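Report on the following structure.
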Amino acid sequence: MSTHGSRQATDRIDALLDKGFPWLRFPLDLERRFQSETLPRRRRHFLVSGIISLLVYNGFLVADYLMTPDVFVLGLLLRIGLFTPLSAAFLYLVYKGRLNWIDRHAPFLYDLLAVVGGLIAAGSLAIILSYTSSPYVPYYHTGFMVVMVYGTTVQRLRFWWALFFSVSVLTMHVLTAWLAPGFDPVFLPPIASLILSMTLFVLAANYMMERDERRRHLLLLRDRALVADLTQTHQRLRNLSRVDTVTGLYNRRHVQEYLPQAWARLQHDQGRMALLMVNVDHFKKYHDRYGMVASEACLREVAQSVQDCTRRPTDVVARYDDDTFVAILPDADPAQASAMAERIRQAVEGRQLRHAASATSRHVTVSVGVVIVQAEPERGPEMLIESAEQALEEAKSGGRNRISVRVIPPPAAPFRASVA
């Protein structure tokens, strides 16, 4: 993501946080990301809460035995014989990853299956209440509240699923009380109002839990965008600190960081490295005669010439000093390095930049020192720089506007006397 893109993302998230999301929905792309990134955590919670809820559900057998003893066997069959094996099998498949296609194609099925499981639990209670003649039937209707708390707060259904689930359980309670034999209608209003109050409370809690979860997700996304923005800014500043502001080439600091790394890579394969040191002839006289603006324009012309003469993506060109440039050529042989140095000399001379103060030519020229060294453990990049400076001095002392090439042979192998 670009810096501009990360800032746009931050502004968009800030707008959502300020405006709010009362319908618990984000724009489509953010909603998909929210569902995707929270899915692993929801799957783990689905497994843990499912196991706990299954234990609690079967714990109702104690209440069945005490409050509806006449249909205890029916409750045992519904709970132990039917619901528990099906639920345990499904939870096992999720745990073993046999239902990973749900994650990829239909993650909403976790909520749907939790709703179905909760409705089956409520349905088993409704069946027991429909067949029993126990006098405790009105009091046992409060069991619907337990089922409702399971779905909305323990299972943490998404709010709209929780709303559907709660309305369904509440409807099931009213129908069971209305149609089941032996239920005294006088108990219906108080028990219904009790369960309705519980419904409103748990739905409010569910709404606030999802709202807070979504808010935390937005804050996390904003933090990521800010970190990305800061990282890109840091990288941009780091790059700027290694770029010469006049010519746009790398600067001496970059050379000092890059050269040891390139040398170490070549040393592993005992490859060769060439270094070209390019100096603008009589540049101080040029600066004194033409001024700062013209001098910087001259340096840009020379820099462009050096840059244009590179042929390989691995070659690195940098401004090394006020009037000196370097070209680092990994794995270059003497012929390649010499040819490039001559191209640079001719390219600068061919630009015909007037230099009336030069003692060498009426136009700007350069002297080039070339050194080619095999990367050996006994040597280092410092020696490469020193040798290039010496070659450059040879070119300048030889009359300037010329190149001087030094090929440094590999160090001689140490003599070892044989022992008879």
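Every chain in the structure tokens has a letter given in the order shown (A, B, ...), and although residue numbers restart at 1 in each chain, ligands are simply numbered from 1 in the order shown.
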Find the residues of range 271-382 of chain A that sit at most 9 Å from range 395-403 of chain A; for each, write down the nearest two atoms and how far apart they are in Å, to one decimal. Count only C-alpha atoms. Sort by chain, then by number going up, and give it as a tab-separated table.
```
residue	atom	partner	partner_atom	distance
A:Asn279	CA	A:Lys396	CA	8.8
A:Val280	CA	A:Asn401	CA	8.8
A:Asp281	CA	A:Arg400	CA	6.8
A:Ser338	CA	A:Ile403	CA	8.0
A:Ala341	CA	A:Ile403	CA	6.7
A:Glu342	CA	A:Ile403	CA	6.9
A:Arg345	CA	A:Asn401	CA	6.9
A:Glu349	CA	A:Asn401	CA	8.4
A:Thr360	CA	A:Arg400	CA	6.9
A:Ser361	CA	A:Asn401	CA	8.4
A:Thr365	CA	A:Asn401	CA	5.5
A:Val366	CA	A:Asn401	CA	5.1
A:Ser367	CA	A:Asn401	CA	4.8
A:Val368	CA	A:Ile403	CA	4.6
A:Gly369	CA	A:Ile403	CA	5.8
A:Val370	CA	A:Ile403	CA	7.2
```
Review point. So which bits of range 309-367 of chain A end up strand (DSSP E or B) when you DSSP the backbone, as number ranges by chain?
Key: A: 316-321, 324-330, 354, 363, 366-367
May I have the residues from that selection written out with N, CA, C and O atoms, as a PDB file, in the first residue's frame?
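Everything below was put into out.pdb:
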```
ATOM      1  N   VAL A 316      26.188   0.032 -10.223  1.00  0.00           N
ATOM      2  CA  VAL A 316      25.748   1.096  -9.314  1.00  0.00           C
ATOM      3  C   VAL A 316      26.577   2.341  -9.581  1.00  0.00           C
ATOM      4  O   VAL A 316      27.808   2.288  -9.610  1.00  0.00           O
ATOM      5  N   VAL A 317      25.887   3.470  -9.788  1.00  0.00           N
ATOM      6  CA  VAL A 317      26.550   4.751 -10.043  1.00  0.00           C
ATOM      7  C   VAL A 317      26.216   5.695  -8.896  1.00  0.00           C
ATOM      8  O   VAL A 317      25.059   5.764  -8.458  1.00  0.00           O
ATOM      9  N   ALA A 318      27.204   6.443  -8.417  1.00  0.00           N
ATOM     10  CA  ALA A 318      26.990   7.339  -7.285  1.00  0.00           C
ATOM     11  C   ALA A 318      27.892   8.557  -7.409  1.00  0.00           C
ATOM     12  O   ALA A 318      28.946   8.524  -8.070  1.00  0.00           O
ATOM     13  N   ARG A 319      27.453   9.647  -6.774  1.00  0.00           N
ATOM     14  CA  ARG A 319      28.318  10.815  -6.630  1.00  0.00           C
ATOM     15  C   ARG A 319      29.126  10.615  -5.350  1.00  0.00           C
ATOM     16  O   ARG A 319      28.578  10.619  -4.255  1.00  0.00           O
ATOM     17  N   TYR A 320      30.438  10.495  -5.515  1.00  0.00           N
ATOM     18  CA  TYR A 320      31.288  10.125  -4.387  1.00  0.00           C
ATOM     19  C   TYR A 320      31.842  11.334  -3.658  1.00  0.00           C
ATOM     20  O   TYR A 320      32.071  11.306  -2.454  1.00  0.00           O
ATOM     21  N   ASP A 321      32.072  12.416  -4.393  1.00  0.00           N
ATOM     22  CA  ASP A 321      32.623  13.634  -3.806  1.00  0.00           C
ATOM     23  C   ASP A 321      32.069  14.819  -4.593  1.00  0.00           C
ATOM     24  O   ASP A 321      31.237  14.648  -5.489  1.00  0.00           O
ATOM     25  N   THR A 324      33.457  14.216  -8.097  1.00  0.00           N
ATOM     26  CA  THR A 324      33.878  12.848  -8.393  1.00  0.00           C
ATOM     27  C   THR A 324      32.692  11.895  -8.323  1.00  0.00           C
ATOM     28  O   THR A 324      31.871  11.974  -7.402  1.00  0.00           O
ATOM     29  N   PHE A 325      32.632  10.995  -9.306  1.00  0.00           N
ATOM     30  CA  PHE A 325      31.592   9.970  -9.357  1.00  0.00           C
ATOM     31  C   PHE A 325      32.264   8.599  -9.363  1.00  0.00           C
ATOM     32  O   PHE A 325      33.431   8.466  -9.771  1.00  0.00           O
ATOM     33  N   VAL A 326      31.533   7.593  -8.917  1.00  0.00           N
ATOM     34  CA  VAL A 326      32.035   6.221  -8.986  1.00  0.00           C
ATOM     35  C   VAL A 326      30.985   5.346  -9.660  1.00  0.00           C
ATOM     36  O   VAL A 326      29.776   5.611  -9.577  1.00  0.00           O
ATOM     37  N   ALA A 327      31.491   4.316 -10.325  1.00  0.00           N
ATOM     38  CA  ALA A 327      30.630   3.279 -10.891  1.00  0.00           C
ATOM     39  C   ALA A 327      31.150   1.941 -10.403  1.00  0.00           C
ATOM     40  O   ALA A 327      32.334   1.628 -10.608  1.00  0.00           O
ATOM     41  N   ILE A 328      30.302   1.189  -9.737  1.00  0.00           N
ATOM     42  CA  ILE A 328      30.672  -0.119  -9.181  1.00  0.00           C
ATOM     43  C   ILE A 328      30.119  -1.182 -10.117  1.00  0.00           C
ATOM     44  O   ILE A 328      28.908  -1.243 -10.371  1.00  0.00           O
ATOM     45  N   LEU A 329      31.030  -2.031 -10.621  1.00  0.00           N
ATOM     46  CA  LEU A 329      30.646  -3.039 -11.616  1.00  0.00           C
ATOM     47  C   LEU A 329      30.981  -4.427 -11.093  1.00  0.00           C
ATOM     48  O   LEU A 329      32.106  -4.923 -11.283  1.00  0.00           O
ATOM     49  N   PRO A 330      30.045  -5.111 -10.420  1.00  0.00           N
ATOM     50  CA  PRO A 330      30.327  -6.484  -9.967  1.00  0.00           C
ATOM     51  C   PRO A 330      30.475  -7.426 -11.155  1.00  0.00           C
ATOM     52  O   PRO A 330      29.783  -7.294 -12.176  1.00  0.00           O
ATOM     53  N   ARG A 354      30.771  24.115 -22.418  1.00  0.00           N
ATOM     54  CA  ARG A 354      31.861  25.088 -22.497  1.00  0.00           C
ATOM     55  C   ARG A 354      32.582  25.218 -21.154  1.00  0.00           C
ATOM     56  O   ARG A 354      31.963  25.349 -20.102  1.00  0.00           O
ATOM     57  N   HIS A 363      36.146  22.473 -23.512  1.00  0.00           N
ATOM     58  CA  HIS A 363      34.880  21.906 -23.026  1.00  0.00           C
ATOM     59  C   HIS A 363      35.144  21.056 -21.783  1.00  0.00           C
ATOM     60  O   HIS A 363      36.295  20.705 -21.496  1.00  0.00           O
ATOM     61  N   VAL A 366      36.453  14.669 -18.436  1.00  0.00           N
ATOM     62  CA  VAL A 366      36.631  13.903 -17.203  1.00  0.00           C
ATOM     63  C   VAL A 366      37.845  13.014 -17.331  1.00  0.00           C
ATOM     64  O   VAL A 366      38.244  12.607 -18.436  1.00  0.00           O
ATOM     65  N   SER A 367      38.446  12.722 -16.188  1.00  0.00           N
ATOM     66  CA  SER A 367      39.491  11.706 -16.081  1.00  0.00           C
ATOM     67  C   SER A 367      38.907  10.523 -15.321  1.00  0.00           C
ATOM     68  O   SER A 367      38.125  10.696 -14.375  1.00  0.00           O
TER      69      SER A 367
END
```
Give me the range 122-205 of chain A side of the contact with range 5-29 of chain A, cut-off 12 Å, one line per residue showing its nearest atom pair and distance in Å at one decimal, counting only C-alpha atoms, sorted by chain and residue number, as JSON lines.
```
{"residue": "A:Arg158", "atom": "CA", "partner": "A:Leu24", "partner_atom": "CA", "distance": 9.0}
{"residue": "A:Phe159", "atom": "CA", "partner": "A:Leu24", "partner_atom": "CA", "distance": 7.9}
{"residue": "A:Trp160", "atom": "CA", "partner": "A:Leu24", "partner_atom": "CA", "distance": 8.8}
{"residue": "A:Trp161", "atom": "CA", "partner": "A:Leu24", "partner_atom": "CA", "distance": 11.8}
```
Taking N, CA and C atoms for each residue, export the selection above as a PDB file, in the first residue's frame.
```
ATOM      1  N   ARG A 158     -23.644 -13.270  15.824  1.00  0.00           N
ATOM      2  CA  ARG A 158     -23.750 -11.917  15.299  1.00  0.00           C
ATOM      3  C   ARG A 158     -25.144 -11.387  15.607  1.00  0.00           C
ATOM      4  N   PHE A 159     -25.239 -10.064  15.797  1.00  0.00           N
ATOM      5  CA  PHE A 159     -26.454  -9.497  16.361  1.00  0.00           C
ATOM      6  C   PHE A 159     -27.697  -9.883  15.586  1.00  0.00           C
ATOM      7  N   TRP A 160     -27.662  -9.816  14.265  1.00  0.00           N
ATOM      8  CA  TRP A 160     -28.889 -10.096  13.499  1.00  0.00           C
ATOM      9  C   TRP A 160     -29.274 -11.563  13.587  1.00  0.00           C
ATOM     10  N   TRP A 161     -28.282 -12.450  13.685  1.00  0.00           N
ATOM     11  CA  TRP A 161     -28.582 -13.856  13.942  1.00  0.00           C
ATOM     12  C   TRP A 161     -29.132 -14.017  15.360  1.00  0.00           C
TER      13      TRP A 161
END
```
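Interatomic distance, CA of Arg379 in chain A to CA of Met340 in chain A: 24.3 Å.
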Practice item. Pick out the residues sitting within 9 Å of range 94-101 of chain A, and hand them over as a VMD selection string; count only C-alpha atoms, and ignore anything fewer than 6 positions along from it in its own chain. Key: chain A and resid 43 to 44 47 107
Closest atom pairs, residues of range 332-394 of chain A within 8 Å of range 300-308 of chain A, only C-alpha atoms, as a tab-separated table:
```
residue	atom	partner	partner_atom	distance
A:Ile344	CA	A:Val306	CA	5.6
A:Ala347	CA	A:Ser305	CA	5.9
A:Val348	CA	A:Val302	CA	6.0
```
Exercise for review: Measure the distance from CA of Leu299 in chain A to CA of Ala391 in chain A in Å and round it to one decimal.
Suggested key: 21.5 Å
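Residue neighbourhood of range 184-188 of chain A, excluding near-sequence residues (fewer than 4 positions): A:Pro138, A:Ala177, A:Ala192, at 7 Å, using only C-alpha atoms.
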Check your understanding: Of the residues A:Ile51, A:Ala106, A:Met148, A:Val62, which is the one nearest to Ala88 in chain A, using only C-alpha atoms?
Key -> A:Ile51
Point to revise | Nearby residues (only C-alpha atoms) at most 8 Å from Ala332 in chain A, same-chain spacing under 2 positions excluded, as a ChimeraX atom specification | key: /A:272-274,329-330,334,336-337,372
**Study point:** Polymer residues at most 12 Å from Asp288 in chain A, only C-alpha atoms, same-chain spacing of 5 or more positions, as a ChimeraX atom specification
**Key:** /A:282-283,293-295,355-358
Residue selection dump (N, CA and C atoms) as a PDB file, in the first residue's frame:
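result_25.pdb written:
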```pdb
ATOM      1  N   HIS A 282      39.310  20.078 -13.703  1.00  0.00           N
ATOM      2  CA  HIS A 282      39.347  21.511 -13.377  1.00  0.00           C
ATOM      3  C   HIS A 282      37.968  22.029 -12.950  1.00  0.00           C
ATOM      4  N   PHE A 283      37.294  21.250 -12.104  1.00  0.00           N
ATOM      5  CA  PHE A 283      35.926  21.660 -11.740  1.00  0.00           C
ATOM      6  C   PHE A 283      35.917  22.895 -10.855  1.00  0.00           C
ATOM      7  N   VAL A 293      24.947  27.777  -9.811  1.00  0.00           N
ATOM      8  CA  VAL A 293      23.859  27.210 -10.622  1.00  0.00           C
ATOM      9  C   VAL A 293      24.418  26.461 -11.823  1.00  0.00           C
ATOM     10  N   ALA A 294      25.357  27.075 -12.520  1.00  0.00           N
ATOM     11  CA  ALA A 294      25.945  26.422 -13.689  1.00  0.00           C
ATOM     12  C   ALA A 294      26.746  25.183 -13.281  1.00  0.00           C
ATOM     13  N   SER A 295      27.401  25.262 -12.131  1.00  0.00           N
ATOM     14  CA  SER A 295      28.193  24.116 -11.659  1.00  0.00           C
ATOM     15  C   SER A 295      27.299  22.914 -11.377  1.00  0.00           C
ATOM     16  N   HIS A 355      33.938  25.211 -21.212  1.00  0.00           N
ATOM     17  CA  HIS A 355      34.764  25.355 -20.009  1.00  0.00           C
ATOM     18  C   HIS A 355      35.981  26.200 -20.398  1.00  0.00           C
ATOM     19  N   ALA A 356      35.779  27.501 -20.398  1.00  0.00           N
ATOM     20  CA  ALA A 356      36.836  28.404 -20.861  1.00  0.00           C
ATOM     21  C   ALA A 356      38.015  28.448 -19.914  1.00  0.00           C
ATOM     22  N   ALA A 357      37.800  28.064 -18.654  1.00  0.00           N
ATOM     23  CA  ALA A 357      38.884  28.128 -17.672  1.00  0.00           C
ATOM     24  C   ALA A 357      39.721  26.865 -17.626  1.00  0.00           C
ATOM     25  N   SER A 358      39.376  25.848 -18.437  1.00  0.00           N
ATOM     26  CA  SER A 358      40.085  24.572 -18.381  1.00  0.00           C
ATOM     27  C   SER A 358      41.422  24.670 -19.096  1.00  0.00           C
TER      28      SER A 358
END
```
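Using only C-alpha atoms, the shortest contact distance between Arg362 in chain A and any of A:Leu86, A:Gly350, A:Gly50, A:Pro40 is found at A:Gly350.
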Exercise for review: Could you give me, as a PyMOL selection string, the residues within 10 Å of Met67 in chain A, counting only C-alpha atoms and dropping anything in the same chain fewer than 5 positions from it?
Suggested key: chain A and resi 61-62+72+132+134-137+139-140
Output the selection as a PDB file, in the first residue's frame - C-alpha atoms for each residue.
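As a result, part_24.pdb now contains:
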```
ATOM      1  CA  LEU A  61     -31.234 -33.904  32.944  1.00  0.00           C
ATOM      2  CA  VAL A  62     -31.143 -33.168  36.659  1.00  0.00           C
ATOM      3  CA  PHE A  72     -37.655 -38.243  32.181  1.00  0.00           C
ATOM      4  CA  THR A 132     -45.429 -33.796  30.802  1.00  0.00           C
ATOM      5  CA  SER A 134     -46.024 -32.182  36.053  1.00  0.00           C
ATOM      6  CA  PRO A 135     -47.346 -29.287  38.155  1.00  0.00           C
ATOM      7  CA  TYR A 136     -43.946 -27.593  37.797  1.00  0.00           C
ATOM      8  CA  VAL A 137     -44.438 -26.961  34.101  1.00  0.00           C
ATOM      9  CA  TYR A 139     -41.636 -22.820  36.346  1.00  0.00           C
ATOM     10  CA  TYR A 140     -39.699 -24.976  33.935  1.00  0.00           C
TER      11      TYR A 140
END
```
Point to revise | Residues flagged alpha helix (DSSP H) by DSSP in range 16-145 of chain A, as number ranges by chain | key: A: 16-19, 28-67, 72-76, 84-95, 100-105, 109-131, 137-140, 143-145
Those same residues - C-alpha atoms - I'd like them written as a tab-separated table (two decimals), in the first residue's frame.
```
chain	number	residue	atom	x	y	z
A	16	LEU	CA	-16.38	5.26	10.34
A	17	LEU	CA	-15.31	5.56	13.97
A	18	ASP	CA	-16.72	9.09	14.20
A	19	LYS	CA	-19.94	8.33	12.36
A	28	LEU	CA	-18.47	-4.32	1.56
A	29	ASP	CA	-14.66	-4.55	1.34
A	30	LEU	CA	-14.18	-3.80	5.05
A	31	GLU	CA	-16.99	-6.19	5.97
A	32	ARG	CA	-15.33	-9.03	4.05
A	33	ARG	CA	-12.03	-8.27	5.72
A	34	PHE	CA	-13.66	-8.14	9.15
A	35	GLN	CA	-15.36	-11.50	8.62
A	36	SER	CA	-12.18	-13.06	7.25
A	37	GLU	CA	-9.81	-11.82	9.96
A	38	THR	CA	-12.14	-12.65	12.85
A	39	LEU	CA	-13.06	-16.08	11.49
A	40	PRO	CA	-10.25	-18.11	13.17
A	41	ARG	CA	-11.07	-16.62	16.56
A	42	ARG	CA	-14.80	-17.22	16.05
A	43	ARG	CA	-14.15	-20.82	15.03
A	44	ARG	CA	-12.15	-21.47	18.21
A	45	HIS	CA	-14.85	-19.81	20.29
A	46	PHE	CA	-17.48	-21.88	18.49
A	47	LEU	CA	-15.68	-25.08	19.52
A	48	VAL	CA	-15.06	-24.11	23.15
A	49	SER	CA	-18.52	-22.64	23.78
A	50	GLY	CA	-20.10	-25.57	21.94
A	51	ILE	CA	-18.45	-28.09	24.26
A	52	ILE	CA	-19.39	-26.08	27.37
A	53	SER	CA	-22.96	-25.62	26.16
A	54	LEU	CA	-23.27	-29.33	25.42
A	55	LEU	CA	-22.27	-30.13	29.00
A	56	VAL	CA	-24.74	-27.59	30.38
A	57	TYR	CA	-27.46	-28.89	28.08
A	58	ASN	CA	-27.04	-32.42	29.40
A	59	GLY	CA	-26.89	-31.02	32.93
A	60	PHE	CA	-30.56	-30.20	32.44
A	61	LEU	CA	-31.23	-33.90	32.94
A	62	VAL	CA	-31.14	-33.17	36.66
A	63	ALA	CA	-33.89	-30.58	36.21
A	64	ASP	CA	-35.81	-33.01	33.99
A	65	TYR	CA	-35.69	-35.64	36.69
A	66	LEU	CA	-36.79	-33.25	39.45
A	67	MET	CA	-39.42	-31.19	37.59
A	72	PHE	CA	-37.65	-38.24	32.18
A	73	VAL	CA	-37.00	-41.10	29.75
A	74	LEU	CA	-38.14	-38.86	26.86
A	75	GLY	CA	-35.72	-36.17	27.99
A	76	LEU	CA	-32.94	-38.73	28.28
A	84	THR	CA	-25.54	-34.99	22.02
A	85	PRO	CA	-24.21	-37.49	19.41
A	86	LEU	CA	-25.06	-35.16	16.52
A	87	SER	CA	-23.51	-32.12	18.19
A	88	ALA	CA	-20.42	-34.02	19.35
A	89	ALA	CA	-19.87	-35.40	15.83
A	90	PHE	CA	-20.13	-31.95	14.29
A	91	LEU	CA	-17.77	-30.40	16.85
A	92	TYR	CA	-15.29	-33.20	16.20
A	93	LEU	CA	-15.38	-32.54	12.44
A	94	VAL	CA	-14.75	-28.84	13.02
A	95	TYR	CA	-11.89	-29.63	15.43
A	100	ASN	CA	-12.62	-26.11	6.30
A	101	TRP	CA	-14.70	-25.48	3.19
A	102	ILE	CA	-17.01	-23.49	5.48
A	103	ASP	CA	-14.15	-21.04	6.12
A	104	ARG	CA	-13.51	-20.60	2.42
A	105	HIS	CA	-17.03	-20.47	1.03
A	109	LEU	CA	-22.71	-21.27	8.46
A	110	TYR	CA	-21.06	-21.18	11.90
A	111	ASP	CA	-23.73	-18.73	13.04
A	112	LEU	CA	-26.45	-20.66	11.23
A	113	LEU	CA	-25.41	-23.95	12.83
A	114	ALA	CA	-25.21	-22.32	16.27
A	115	VAL	CA	-28.76	-21.03	15.72
A	116	VAL	CA	-29.95	-24.47	14.62
A	117	GLY	CA	-28.31	-26.09	17.65
A	118	GLY	CA	-29.87	-23.56	20.00
A	119	LEU	CA	-33.30	-24.01	18.42
A	120	ILE	CA	-33.00	-27.81	18.73
A	121	ALA	CA	-32.12	-27.37	22.42
A	122	ALA	CA	-35.14	-25.10	22.87
A	123	GLY	CA	-37.24	-27.54	20.85
A	124	SER	CA	-36.30	-30.48	23.06
A	125	LEU	CA	-37.43	-28.43	26.08
A	126	ALA	CA	-40.67	-27.59	24.28
A	127	ILE	CA	-41.29	-31.29	23.56
A	128	ILE	CA	-40.71	-32.24	27.19
A	129	LEU	CA	-43.08	-29.49	28.37
A	130	SER	CA	-45.70	-30.56	25.82
A	131	TYR	CA	-45.82	-34.17	27.07
A	137	VAL	CA	-44.44	-26.96	34.10
A	138	PRO	CA	-44.87	-23.14	34.42
A	139	TYR	CA	-41.64	-22.82	36.35
A	140	TYR	CA	-39.70	-24.98	33.93
A	143	GLY	CA	-35.39	-22.88	30.84
A	144	PHE	CA	-35.98	-20.98	27.61
A	145	MET	CA	-34.08	-18.09	29.16
```
